[in-house]
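**Student:** Dropping in start19.txt, which is compact mmCIF, C-alpha atoms:
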```txt
# COMPACT_ATOMS: atom_id res chain seq x y z
CA MET A 1 -22.51 -8.11 43.59
CA VAL A 2 -23.30 -11.79 44.07
CA ASP A 3 -26.60 -12.75 45.60
CA SER A 4 -25.61 -15.17 48.39
CA THR A 5 -29.12 -16.58 48.72
CA THR A 6 -28.78 -18.32 45.36
CA ASN A 7 -25.81 -20.35 46.69
CA VAL A 8 -27.75 -21.87 49.56
CA ALA A 9 -29.04 -25.27 48.55
CA SER A 10 -32.69 -25.79 49.18
CA GLU A 11 -33.93 -28.77 51.12
CA LYS A 12 -35.15 -30.24 47.88
CA ASP A 13 -31.69 -29.91 46.34
CA LEU A 14 -30.12 -31.62 49.34
CA GLU A 15 -32.61 -34.46 49.07
CA ARG A 16 -31.75 -34.87 45.42
CA LEU A 17 -28.06 -34.87 46.21
CA GLU A 18 -28.53 -37.46 48.94
CA LYS A 19 -30.48 -39.62 46.52
CA ALA A 20 -27.75 -39.28 43.92
CA LEU A 21 -25.08 -40.28 46.43
CA ASP A 22 -27.15 -43.25 47.53
CA PHE A 23 -27.43 -44.21 43.91
CA SER A 24 -23.66 -44.13 43.57
CA ASN A 25 -23.55 -46.85 46.21
CA THR A 26 -25.94 -48.92 44.14
CA MET A 27 -23.78 -48.29 41.08
CA LYS A 28 -20.70 -49.50 42.93
CA THR A 29 -22.44 -52.76 43.76
CA PHE A 30 -23.76 -52.99 40.20
CA ASN A 31 -20.30 -52.46 38.71
CA LEU A 32 -18.68 -54.97 41.05
CA ASN A 33 -21.26 -57.61 40.17
CA LYS A 34 -20.96 -56.81 36.47
CA ASN A 35 -17.17 -57.19 36.58
CA ASN A 36 -17.46 -60.43 38.51
CA LEU A 37 -19.84 -61.72 35.83
CA LYS A 38 -17.35 -60.70 33.16
CA VAL A 39 -14.51 -62.60 34.82
CA LYS A 40 -16.71 -65.62 35.35
CA THR A 41 -17.53 -65.55 31.61
CA GLN A 42 -13.84 -65.34 30.71
CA ASN A 43 -13.09 -68.32 32.94
CA LEU A 44 -15.92 -70.36 31.48
CA LEU A 45 -14.88 -69.61 27.90
CA SER A 46 -12.22 -72.27 27.98
CA TYR A 47 -12.19 -75.36 25.82
CA SER A 48 -9.62 -78.13 26.10
CA THR A 49 -8.92 -80.89 23.63
CA ALA A 50 -5.98 -82.98 22.40
CA GLY A 51 -3.87 -81.84 25.34
CA GLY A 52 -4.31 -78.12 24.67
CA SER A 53 -6.48 -75.37 26.15
CA PHE A 54 -8.16 -72.68 24.07
CA ALA A 55 -9.66 -69.35 25.07
CA VAL A 56 -12.88 -69.34 23.08
CA ASP A 57 -13.67 -66.01 21.47
CA GLN A 58 -15.06 -64.57 18.27
CA SER A 59 -11.71 -64.63 16.49
CA LEU A 60 -11.16 -68.35 17.20
CA ILE A 61 -14.64 -69.12 15.92
CA SER A 62 -14.17 -66.97 12.80
CA PHE A 63 -10.79 -68.55 12.11
CA MET A 64 -12.17 -72.05 12.53
CA TYR A 65 -15.10 -71.17 10.27
CA ALA A 66 -12.64 -70.11 7.57
CA VAL A 67 -10.65 -73.33 8.07
CA VAL A 68 -13.75 -75.52 7.79
CA SER A 69 -15.06 -73.52 4.83
CA SER A 70 -11.79 -74.01 2.98
CA GLY A 71 -12.20 -77.78 3.31
CA LYS A 72 -9.38 -78.45 5.77
CA THR A 73 -10.29 -81.29 8.09
CA GLU A 74 -7.06 -81.37 10.10
CA ILE A 75 -4.95 -78.44 11.29
CA THR A 76 -2.38 -77.48 13.88
CA LEU A 77 -3.50 -74.62 16.09
CA LEU A 78 -1.75 -72.59 18.78
CA ASP A 79 -3.53 -72.90 22.10
CA LYS A 80 -3.78 -70.21 24.83
CA ASN A 81 -0.26 -71.06 26.02
CA SER A 82 1.04 -70.80 22.41
CA ILE A 83 1.65 -74.53 22.25
CA PRO A 84 0.86 -76.17 18.90
CA VAL A 85 -2.01 -78.63 19.13
CA ARG A 86 -3.15 -80.99 16.39
CA ILE A 87 -6.89 -80.73 15.70
CA GLU A 88 -7.98 -83.85 13.87
CA ASP A 89 -11.60 -82.97 13.25
CA THR A 90 -11.95 -79.26 12.52
CA GLU A 91 -15.71 -79.41 12.03
CA LYS A 92 -16.28 -81.01 15.42
CA PHE A 93 -13.91 -78.50 17.02
CA LEU A 94 -15.80 -75.59 15.44
CA ASP A 95 -19.15 -77.03 16.57
CA GLU A 96 -17.97 -77.46 20.13
CA VAL A 97 -16.28 -74.08 20.56
CA SER A 98 -19.25 -72.32 18.94
CA SER A 99 -21.74 -74.09 21.21
CA LEU A 100 -19.67 -73.25 24.27
CA TYR A 101 -19.38 -69.62 23.20
CA PHE A 102 -23.10 -69.17 22.58
CA GLU A 103 -24.07 -70.96 25.77
CA VAL A 104 -21.71 -68.99 28.03
CA VAL A 105 -22.31 -65.60 26.40
CA ASN A 106 -26.06 -66.17 26.43
CA ASP A 107 -25.92 -66.87 30.16
CA TYR A 108 -23.86 -63.71 30.58
CA TYR A 109 -26.49 -61.76 28.66
CA ASN A 110 -29.33 -63.12 30.79
CA GLU A 111 -27.55 -62.43 34.05
CA TYR A 112 -26.46 -58.99 32.89
CA GLN A 113 -30.02 -58.09 31.89
CA LYS A 114 -31.27 -59.24 35.26
CA LEU A 115 -28.66 -57.09 36.95
CA ARG A 116 -29.31 -54.08 34.73
CA SER A 117 -33.07 -54.09 34.74
CA SER A 118 -33.49 -54.33 38.48
CA ARG A 119 -33.36 -51.11 40.43
CA LYS A 120 -32.89 -52.96 43.65
CA ILE A 121 -29.67 -54.92 43.90
CA GLU A 122 -31.18 -56.98 46.73
CA LYS A 123 -33.66 -58.38 44.24
CA VAL A 124 -30.95 -59.55 41.85
CA LEU A 125 -28.90 -61.09 44.61
CA GLU A 126 -32.06 -62.64 46.08
CA ILE A 127 -31.31 -61.50 49.58
CA MET B 1 -3.56 -92.69 33.88
CA SER B 2 -4.76 -92.09 37.45
CA ARG B 3 -6.12 -88.64 38.28
CA GLY B 4 -6.38 -87.22 41.75
CA ILE B 5 -6.94 -84.02 43.64
CA ILE B 6 -4.71 -83.39 46.63
CA ILE B 7 -5.60 -81.02 49.46
CA PHE B 8 -3.21 -80.20 52.31
CA ALA B 9 -4.49 -79.52 55.82
CA GLN B 10 -2.79 -79.11 59.16
CA ASN B 11 -4.71 -77.49 61.99
CA ASN B 12 -3.23 -74.66 63.96
CA GLU B 13 -4.44 -72.92 67.10
CA TYR B 14 -6.58 -70.53 65.06
CA ILE B 15 -8.07 -72.44 62.12
CA ASN B 16 -9.66 -75.86 61.81
CA TYR B 17 -8.10 -76.78 58.48
CA ALA B 18 -9.46 -80.33 58.64
CA GLU B 19 -13.07 -79.13 58.42
CA GLN B 20 -12.14 -76.59 55.78
CA ALA B 21 -10.45 -79.28 53.66
CA CYS B 22 -13.57 -81.46 53.90
CA ALA B 23 -15.72 -78.57 52.68
CA CYS B 24 -13.28 -77.95 49.84
CA ALA B 25 -13.24 -81.65 48.88
CA GLY B 26 -17.05 -81.76 48.92
CA TYR B 27 -17.24 -78.87 46.46
CA ALA B 28 -14.58 -80.40 44.19
CA ARG B 29 -16.41 -83.74 44.12
CA LYS B 30 -19.75 -82.09 43.44
CA ASN B 31 -18.50 -80.00 40.52
CA LEU B 32 -15.83 -82.14 38.86
CA SER B 33 -16.61 -85.49 37.33
CA LEU B 34 -13.37 -86.74 35.81
CA VAL B 35 -11.38 -87.23 39.03
CA ASP B 36 -10.56 -90.70 40.31
CA GLU B 37 -9.85 -89.73 43.90
CA ILE B 38 -9.66 -86.83 46.29
CA CYS B 39 -6.79 -87.19 48.73
CA LEU B 40 -5.95 -85.39 51.96
CA VAL B 41 -2.37 -84.88 53.06
CA THR B 42 -2.33 -84.18 56.77
CA ASN B 43 -0.61 -84.92 60.07
CA THR B 44 -1.68 -87.35 62.79
CA GLU B 45 -2.98 -84.64 65.10
CA THR B 46 -5.23 -83.08 62.46
CA LEU B 47 -6.47 -86.47 61.28
CA GLU B 48 -7.39 -87.56 64.78
CA SER B 49 -9.25 -84.31 65.43
CA LYS B 50 -11.82 -84.99 62.68
CA LYS B 51 -11.28 -88.59 61.58
CA ASP B 52 -14.95 -89.42 60.92
CA LEU B 53 -15.60 -86.26 58.92
CA ILE B 54 -12.41 -86.72 56.90
CA ASP B 55 -13.43 -90.30 56.05
CA GLU B 56 -16.72 -88.99 54.71
CA TYR B 57 -15.11 -86.56 52.28
CA PHE B 58 -11.82 -88.14 51.22
CA ASP B 59 -11.10 -91.29 49.22
CA ASN B 60 -7.51 -91.38 50.35
CA ILE B 61 -5.58 -89.97 53.30
CA ILE B 62 -1.82 -89.58 53.47
CA VAL B 63 -0.36 -88.89 56.88
CA THR B 64 2.98 -87.16 56.98
CA ASP B 65 4.36 -85.92 60.26
CA SER B 66 7.27 -84.04 58.78
CA PHE B 67 8.79 -81.29 60.89
CA GLN B 68 7.23 -77.88 60.30
CA PRO B 69 9.57 -75.03 61.15
CA GLU B 70 8.20 -71.92 62.83
CA ASN B 71 6.25 -69.85 60.32
CA VAL B 72 3.93 -67.31 61.83
CA ARG B 73 1.47 -65.28 59.83
CA LEU B 74 -1.19 -62.71 60.49
CA PHE B 75 -4.71 -64.02 59.93
CA LYS B 76 -7.39 -61.42 59.29
CA ASP B 77 -11.11 -61.78 59.67
CA THR B 78 -12.25 -58.61 57.87
CA ILE B 79 -10.82 -55.40 59.30
CA ASP B 80 -12.14 -56.10 62.80
CA LYS B 81 -10.17 -59.10 63.97
CA THR B 82 -6.56 -60.01 63.41
CA GLU B 83 -4.51 -62.73 65.02
CA TYR B 84 -1.05 -64.19 64.64
CA ALA B 85 -0.92 -67.97 64.40
CA SER B 86 1.40 -70.64 63.09
CA PHE B 87 1.14 -71.40 59.40
CA LYS B 88 2.00 -75.00 58.55
CA ASN B 89 2.50 -74.87 54.82
CA MET B 90 5.89 -76.51 54.38
CA SER B 91 4.82 -79.92 53.06
CA ARG B 92 3.64 -78.61 49.71
CA SER B 93 7.04 -79.18 48.12
CA ASP B 94 6.78 -82.91 48.93
CA VAL B 95 3.66 -83.36 46.86
CA TYR B 96 5.50 -84.87 43.90
CA GLU B 97 6.74 -87.73 46.08
CA LEU B 98 3.52 -88.01 48.06
CA SER B 99 1.09 -88.05 45.16
CA PRO B 100 0.05 -91.58 44.18
CA TYR B 101 -1.46 -90.26 40.93
CA ASP B 102 -0.10 -89.89 37.39
CA GLU B 103 -1.91 -86.57 37.13
CA THR B 104 -2.47 -84.42 40.18
CA LEU B 105 -4.42 -81.26 40.80
CA VAL B 106 -3.38 -79.61 44.06
CA ILE B 107 -5.81 -77.15 45.61
CA ASP B 108 -5.69 -75.07 48.77
CA SER B 109 -8.27 -75.98 51.37
CA ASP B 110 -9.84 -72.54 50.95
CA TYR B 111 -10.31 -72.89 47.19
CA PHE B 112 -13.91 -73.73 46.32
CA ILE B 113 -14.49 -75.29 42.92
CA MET B 114 -17.89 -74.21 41.64
CA ASN B 115 -17.83 -75.19 37.96
CA ASN B 116 -16.31 -77.98 35.87
CA VAL B 117 -13.62 -76.02 34.01
CA LEU B 118 -10.81 -77.64 36.00
CA ASP B 119 -11.89 -81.02 34.61
CA GLN B 120 -10.14 -79.80 31.46
CA VAL B 121 -6.71 -80.25 33.04
CA TRP B 122 -6.82 -84.03 32.76
CA GLY B 123 -4.91 -85.33 29.77
CA SER B 124 -3.13 -82.04 29.18
CA ASP B 125 0.10 -82.02 27.20
CA ASN B 126 1.60 -79.68 29.79
CA ASP B 127 3.67 -81.14 32.60
CA VAL B 128 2.82 -78.31 34.98
CA MET B 129 0.05 -75.72 34.88
CA ILE B 130 -0.21 -72.84 37.32
CA ASN B 131 -1.73 -69.36 37.17
CA CYS B 132 0.00 -66.05 37.31
CA LYS B 133 -3.07 -63.94 36.55
CA TYR B 134 -5.53 -63.35 39.33
CA ARG B 135 -8.39 -61.06 40.09
CA ASP B 136 -9.44 -59.54 43.39
CA VAL B 137 -13.21 -60.02 43.58
CA SER B 138 -13.52 -56.76 45.53
CA GLU B 139 -11.35 -54.92 43.00
CA ARG B 140 -9.07 -53.41 45.62
CA HIS B 141 -6.04 -54.80 43.81
CA LYS B 142 -6.42 -53.45 40.33
CA GLU B 143 -3.50 -55.28 38.76
CA HIS B 144 -3.93 -58.85 37.59
CA ILE B 145 -0.34 -59.88 38.18
CA GLU B 146 1.52 -59.61 41.46
CA TYR B 147 5.30 -59.56 41.74
CA LEU B 148 7.52 -60.92 44.50
CA ASP B 149 8.63 -57.31 44.76
CA ASN B 150 8.41 -54.27 42.48
CA PHE B 151 11.81 -55.19 41.02
CA SER B 152 11.38 -58.94 41.04
CA ILE B 153 9.73 -61.73 39.05
CA PRO B 154 5.99 -62.33 38.60
CA MET B 155 4.29 -64.36 41.27
CA TYR B 156 2.61 -67.64 40.42
CA TRP B 157 -0.22 -68.67 42.72
CA ALA B 158 0.36 -72.08 44.32
CA THR B 159 -3.29 -72.02 45.40
CA VAL B 160 -4.19 -74.37 42.58
CA PHE B 161 -1.83 -76.13 40.22
CA TYR B 162 -1.62 -79.21 38.08
CA PHE B 163 1.29 -81.53 37.44
CA LYS B 164 1.84 -84.89 35.88
CA LYS B 165 4.62 -87.29 36.75
CA SER B 166 7.35 -86.06 34.42
CA ASP B 167 10.97 -84.91 34.44
CA PHE B 168 9.95 -81.26 34.43
CA ALA B 169 7.64 -81.62 37.42
CA GLU B 170 10.12 -83.76 39.34
CA ASN B 171 12.89 -81.21 38.82
CA LEU B 172 10.56 -78.37 39.72
CA PHE B 173 9.72 -79.92 43.07
CA THR B 174 13.39 -80.71 43.74
CA ILE B 175 14.17 -77.01 43.31
CA ILE B 176 11.18 -75.94 45.42
CA SER B 177 12.40 -78.22 48.18
CA HIS B 178 15.91 -76.76 47.89
CA ILE B 179 14.49 -73.22 48.10
CA LYS B 180 12.44 -74.18 51.13
CA HIS B 181 15.55 -75.41 52.94
CA ASN B 182 17.55 -72.32 51.97
CA TYR B 183 14.74 -69.83 52.04
CA LYS B 184 16.63 -66.92 53.57
CA TYR B 185 19.14 -66.91 50.71
CA TYR B 186 16.50 -67.03 47.99
CA TYR B 187 14.34 -64.56 49.88
CA TYR B 188 17.07 -61.94 49.58
CA LEU B 189 18.15 -63.02 46.09
CA TYR B 190 14.66 -62.47 44.75
CA ASN B 191 14.02 -59.36 46.81
CA CYS B 192 10.92 -60.80 48.45
CA SER B 193 8.62 -58.82 50.69
CA GLY B 194 7.21 -59.97 54.05
CA ASN B 195 8.80 -62.44 56.46
CA LEU B 196 6.56 -65.40 55.83
CA TYR B 197 7.57 -68.53 53.93
CA ARG B 198 5.15 -68.52 51.04
CA ASN B 199 4.64 -71.41 48.67
CA ASP B 200 3.67 -68.87 46.02
CA PHE B 201 7.15 -67.34 46.30
CA ALA B 202 8.98 -70.68 46.36
CA PHE B 203 7.07 -71.89 43.29
CA SER B 204 7.70 -68.64 41.42
CA MET B 205 11.44 -68.73 42.14
CA ALA B 206 11.70 -72.42 41.23
CA LEU B 207 9.86 -71.88 37.95
CA HIS B 208 12.19 -68.98 37.18
CA ILE B 209 15.31 -71.03 37.94
CA LEU B 210 14.07 -74.08 36.05
CA ASN B 211 13.36 -71.96 32.99
CA GLY B 212 16.95 -70.73 32.89
CA SER B 213 16.53 -67.66 35.11
CA VAL B 214 15.18 -65.60 32.24
CA ALA B 215 11.73 -64.26 31.39
CA PHE B 216 9.47 -67.23 31.06
CA ASP B 217 5.91 -68.35 30.55
CA VAL B 218 4.45 -71.27 32.39
CA PRO B 219 1.28 -72.78 30.96
CA SER B 220 -1.73 -71.55 32.86
CA LEU B 221 -4.68 -73.62 34.00
CA PRO B 222 -7.76 -73.56 31.77
CA ILE B 223 -9.21 -70.84 34.02
CA GLU B 224 -8.05 -67.41 32.89
CA TYR B 225 -7.94 -65.79 36.33
CA LEU B 226 -7.67 -67.04 39.85
CA ASN B 227 -10.68 -65.47 41.58
CA ASN B 228 -9.32 -64.26 44.90
CA SER B 229 -11.44 -63.06 47.77
CA PHE B 230 -8.98 -61.57 50.25
CA ASP B 231 -9.34 -61.75 54.01
CA LEU B 232 -11.03 -58.35 54.36
CA ASP B 233 -14.05 -59.86 52.60
CA ASP B 234 -16.65 -61.97 54.34
CA ILE B 235 -19.29 -64.50 53.38
CA TYR B 236 -22.91 -63.36 53.36
CA ARG B 237 -24.62 -66.62 52.41
CA ILE B 238 -23.96 -70.01 50.86
CA ASN B 239 -26.82 -70.78 48.49
CA SER B 240 -25.61 -74.02 46.96
CA HIS B 241 -22.61 -75.94 45.59
CA ASN B 242 -22.17 -73.27 42.90
CA ASP B 243 -23.66 -70.15 44.37
CA ILE B 244 -22.13 -67.98 47.11
CA ILE B 245 -22.91 -64.38 48.07
CA MET B 246 -19.93 -62.46 49.45
CA TYR B 247 -19.44 -59.25 51.34
CA CYS B 248 -16.67 -57.62 49.35
CA ALA B 249 -14.69 -54.95 51.16
CA ASP B 250 -15.20 -51.62 49.45
CA ALA B 251 -12.07 -50.56 47.60
CA GLU B 252 -12.33 -47.01 48.96
CA ARG B 253 -13.43 -47.83 52.52
CA VAL B 254 -12.52 -51.33 53.58
CA THR B 255 -14.70 -51.12 56.67
CA GLU B 256 -17.71 -51.07 54.38
CA HIS B 257 -18.77 -53.96 52.19
CA LEU B 258 -20.56 -54.43 48.90
CA LEU B 259 -22.53 -57.56 48.14
CA SER B 260 -21.58 -59.68 45.18
CA ARG B 261 -22.94 -62.99 44.03
CA PHE B 262 -20.74 -65.75 42.59
CA THR B 263 -22.37 -68.50 40.60
CA ASP B 264 -20.59 -71.15 38.54
CA THR B 265 -17.20 -69.65 39.23
CA ASP B 266 -14.39 -70.93 41.43
CA LEU B 267 -13.61 -68.83 44.48
CA HIS B 268 -10.49 -68.63 46.64
CA VAL B 269 -11.85 -67.51 50.01
CA MET B 270 -8.91 -66.30 52.08
CA ASN B 271 -10.94 -65.28 55.12
CA LYS B 272 -10.65 -68.63 56.86
CA LYS B 273 -12.69 -67.57 59.89
CA ALA B 274 -15.56 -66.77 57.54
CA ILE B 275 -15.33 -70.29 56.10
CA GLY B 276 -15.45 -71.58 59.68
CA ARG B 277 -18.64 -69.62 60.38
CA PHE B 278 -20.31 -71.22 57.36
CA ILE B 279 -18.71 -74.65 57.63
CA ASP B 280 -22.03 -76.50 58.07
CA ASP B 281 -23.42 -74.89 54.92
CA PHE B 282 -20.27 -75.71 52.96
CA LEU B 283 -20.30 -79.31 54.14
CA SER B 284 -23.98 -79.85 53.44
CA ASN B 285 -23.72 -78.43 49.91
CA GLY B 286 -20.69 -80.53 48.99
CA GLU B 287 -20.64 -84.18 48.03
CA LYS B 288 -19.30 -86.99 50.17
CA VAL B 289 -17.44 -90.13 49.12
CA ASN B 290 -19.85 -92.77 47.84
CA GLU B 291 -18.00 -95.68 49.37
CA SER B 292 -17.66 -95.23 53.06
CA HIS B 293 -14.19 -96.73 53.45
CA SER B 294 -11.07 -94.77 52.70
CA HIS B 295 -7.58 -95.96 52.15
CA LEU B 296 -5.12 -94.83 54.81
CA GLU B 297 -1.48 -94.55 53.91
CA LYS B 298 1.14 -93.77 56.51
CA ILE B 299 4.42 -92.13 55.59
CA ASP B 300 6.97 -92.57 58.32
CA GLU B 301 9.38 -89.72 58.71
```
Can you present the structure in this file as structure tokens?

**Tutor:**
Amino acid sequence: MVDSTTNVASEKDLERLEKALDFSNTMKTFNLNKNNLKVKTQNLLSYSTAGGSFAVDQSLISFMYAVVSSGKTEITLLDKNSIPVRIEDTEKFLDEVSSLYFEVVNDYYNEYQKLRSSRKIEKVLEI
Amino acid sequence: MSRGIIIFAQNNEYINYAEQACACAGYARKNLSLVDEICLVTNTETLESKKDLIDEYFDNIIVTDSFQPENVRLFKDTIDKTEYASFKNMSRSDVYELSPYDETLVIDSDYFIMNNVLDQVWGSDNDVMINCKYRDVSERHKEHIEYLDNFSIPMYWATVFYFKKSDFAENLFTIISHIKHNYKYYYYLYNCSGNLYRNDFAFSMALHILNGSVAFDVPSLPIEYLNNSFDLDDIYRINSHNDIIMYCADAERVTEHLLSRFTDTDLHVMNKKAIGRFIDDFLSNGEKVNESHSHLEKIDE
């Protein structure tokens, strides 16, 4: 026989549940803001030169590092639209894409930490 | 090579597009530095309604009183208010002829530039750049590509696009103009949804035709995604020229909103009434023309 009294949630349990559901609302706002930050970062990680546009990421930087390390000063590279673009100064290109990457990702980190560490979303949004 | 931004605006009975275009121009001028001029393409009625304000925000004004056929659309201001009003969007296909610039960036009057990434378009090797990928800032639309219909071609967003004077661009706009004048035929051919004439649709069809009516890729703008805030969203506060807090309609319950802050990222705000409510904030955070005089060009039709 099942004891029905054990199935009745206590007031304390209901309070906890309410709190958890409230928190899910906070999480929704957190996730939305996090995803918006992510998209902003993707949009900012764009570098254009010599008529081409490049999505700056770790693989582009690694590839360019290998190119520069091998002593090549000029190369042809496919840009984000798969159009070949002549890069005439590989070292400068590597410097610029690396700087952009670190700057943008660092900003992302700072904003993400701010978002993550604050329990009150109002505080992060400064409202 | 001359470089200009062109914004189209024609008031209707519901929206003051002239004010909206000024706000949009102010944000573009504040955040982009490699543009020679910002130009408004409008009609006489709209120009006369806000002449002084327009002069403050635009370097150049082109007046074209071309006939605008009936095109009625539903405007939403969140879930609460909806209204049908005329939608005067037919001059977009004339931009190749109208643009006095070698390189042109066309933006919708509800597209707010809040970083300098679009400065990267100038000097591009591409004749035309336009985005297919978008993102809904409220995440109600989960897909990043929309199609004219489930069985049709991908949709390119004519919200913001770049072109340079070139054979490709000239031919593209010739086809867009042809589609505009024979819209019903192409509407059925491409299995479009909705009754409205949409520039997005006309551009997508023209790009498809120009690329040989096969699967094609058109170079995208330097931005990866078009950041779309649909008309169920609202504006909470304008903080500055690169900082806006939005009420984003909850994906599960659109009557409820979540707050999200947008800094240093372009935003396409489709709730035009919301822009109207914050127009003073938009205008004060944007940048005006340094020289007070603007050049007025009249196109007689």

**Student:** Kindly provide, as JSON, numbers by chain, the residues of chain B having any atom no farther than 9 Å from an atom of chain A, counting all atoms listed in the file.

**Tutor:** {"B": [115, 116, 117, 120, 121, 122, 123, 124, 125, 126, 135, 137, 138, 139, 217, 218, 219, 220, 221, 222, 223, 224, 225, 226, 227, 237, 245, 248, 250, 258, 259, 260, 261, 262, 263, 264, 265, 266]}

**Student:** Record the distance separating CA of Pro69 (chain B) and CA of Ala85 (chain B), expressed in Å with one decimal.

**Tutor:**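 CA of Ala85 (chain B) lies at a distance of 13.1 Å from CA of Pro69 (chain B).
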
**Student:** Please provide as a PyMOL selection string all residues within 10 Å of Gln58 (chain A), with the sequence filter that same-chain residues fewer than 3 positions apart are discarded (counting all atoms listed in the file).

**Tutor:** chain A and resi 55+61-64+97-98+101

**Student:** Quick one, how far is CA of His257 (chain B) from CA of Ile235 (chain B)?

**Tutor:**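 These atoms are spaced 10.6 Å apart.
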
**Student:** For CA of Leu98 (chain B) and CA of Leu189 (chain B), determine how far apart the two atoms are, in Å to one decimal place.

**Tutor:**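 Going from CA of Leu98 (chain B) over to CA of Leu189 (chain B), I get 29.0 Å.
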
**Student:** For the point (-17.2, -69.4, 63.5) in file coordinates, what residues are within 12 Å, counting all atoms listed in the file? Give the answer as JSON, numbers by chain?

**Tutor:** {"B": [14, 15, 16, 19, 20, 77, 234, 235, 271, 272, 273, 274, 275, 276, 277, 278, 279, 280, 281]}

**Student:** Around all the atoms of region 75-79 of chain B listed in the file, draw an axis-aligned box and extend it by 4 Å on each of the six sides; I want its centre and edge lengths in Å to one decimal, as AutoDock Vina command-line options.

**Tutor:**
```
--center_x -8.5 --center_y -59.7 --center_z 58.9 --size_x 15.5 --size_y 16.6 --size_z 10.1
```

**Student:** Counting all atoms listed in the file, which residues sit no farther than 9 Å from the position (-2.1, -66.6, 61.6) in the file's frame? I'd like them as JSON, numbers by chain.

**Tutor:** {"B": [12, 13, 14, 15, 72, 73, 74, 75, 76, 82, 83, 84, 85, 86, 87]}

**Student:** Between A:Ser59, A:Thr90, A:Ser99, A:Ser10, which one has atoms that come closest to Thr76 (chain A), using only C-alpha atoms?

**Tutor:** A:Thr90
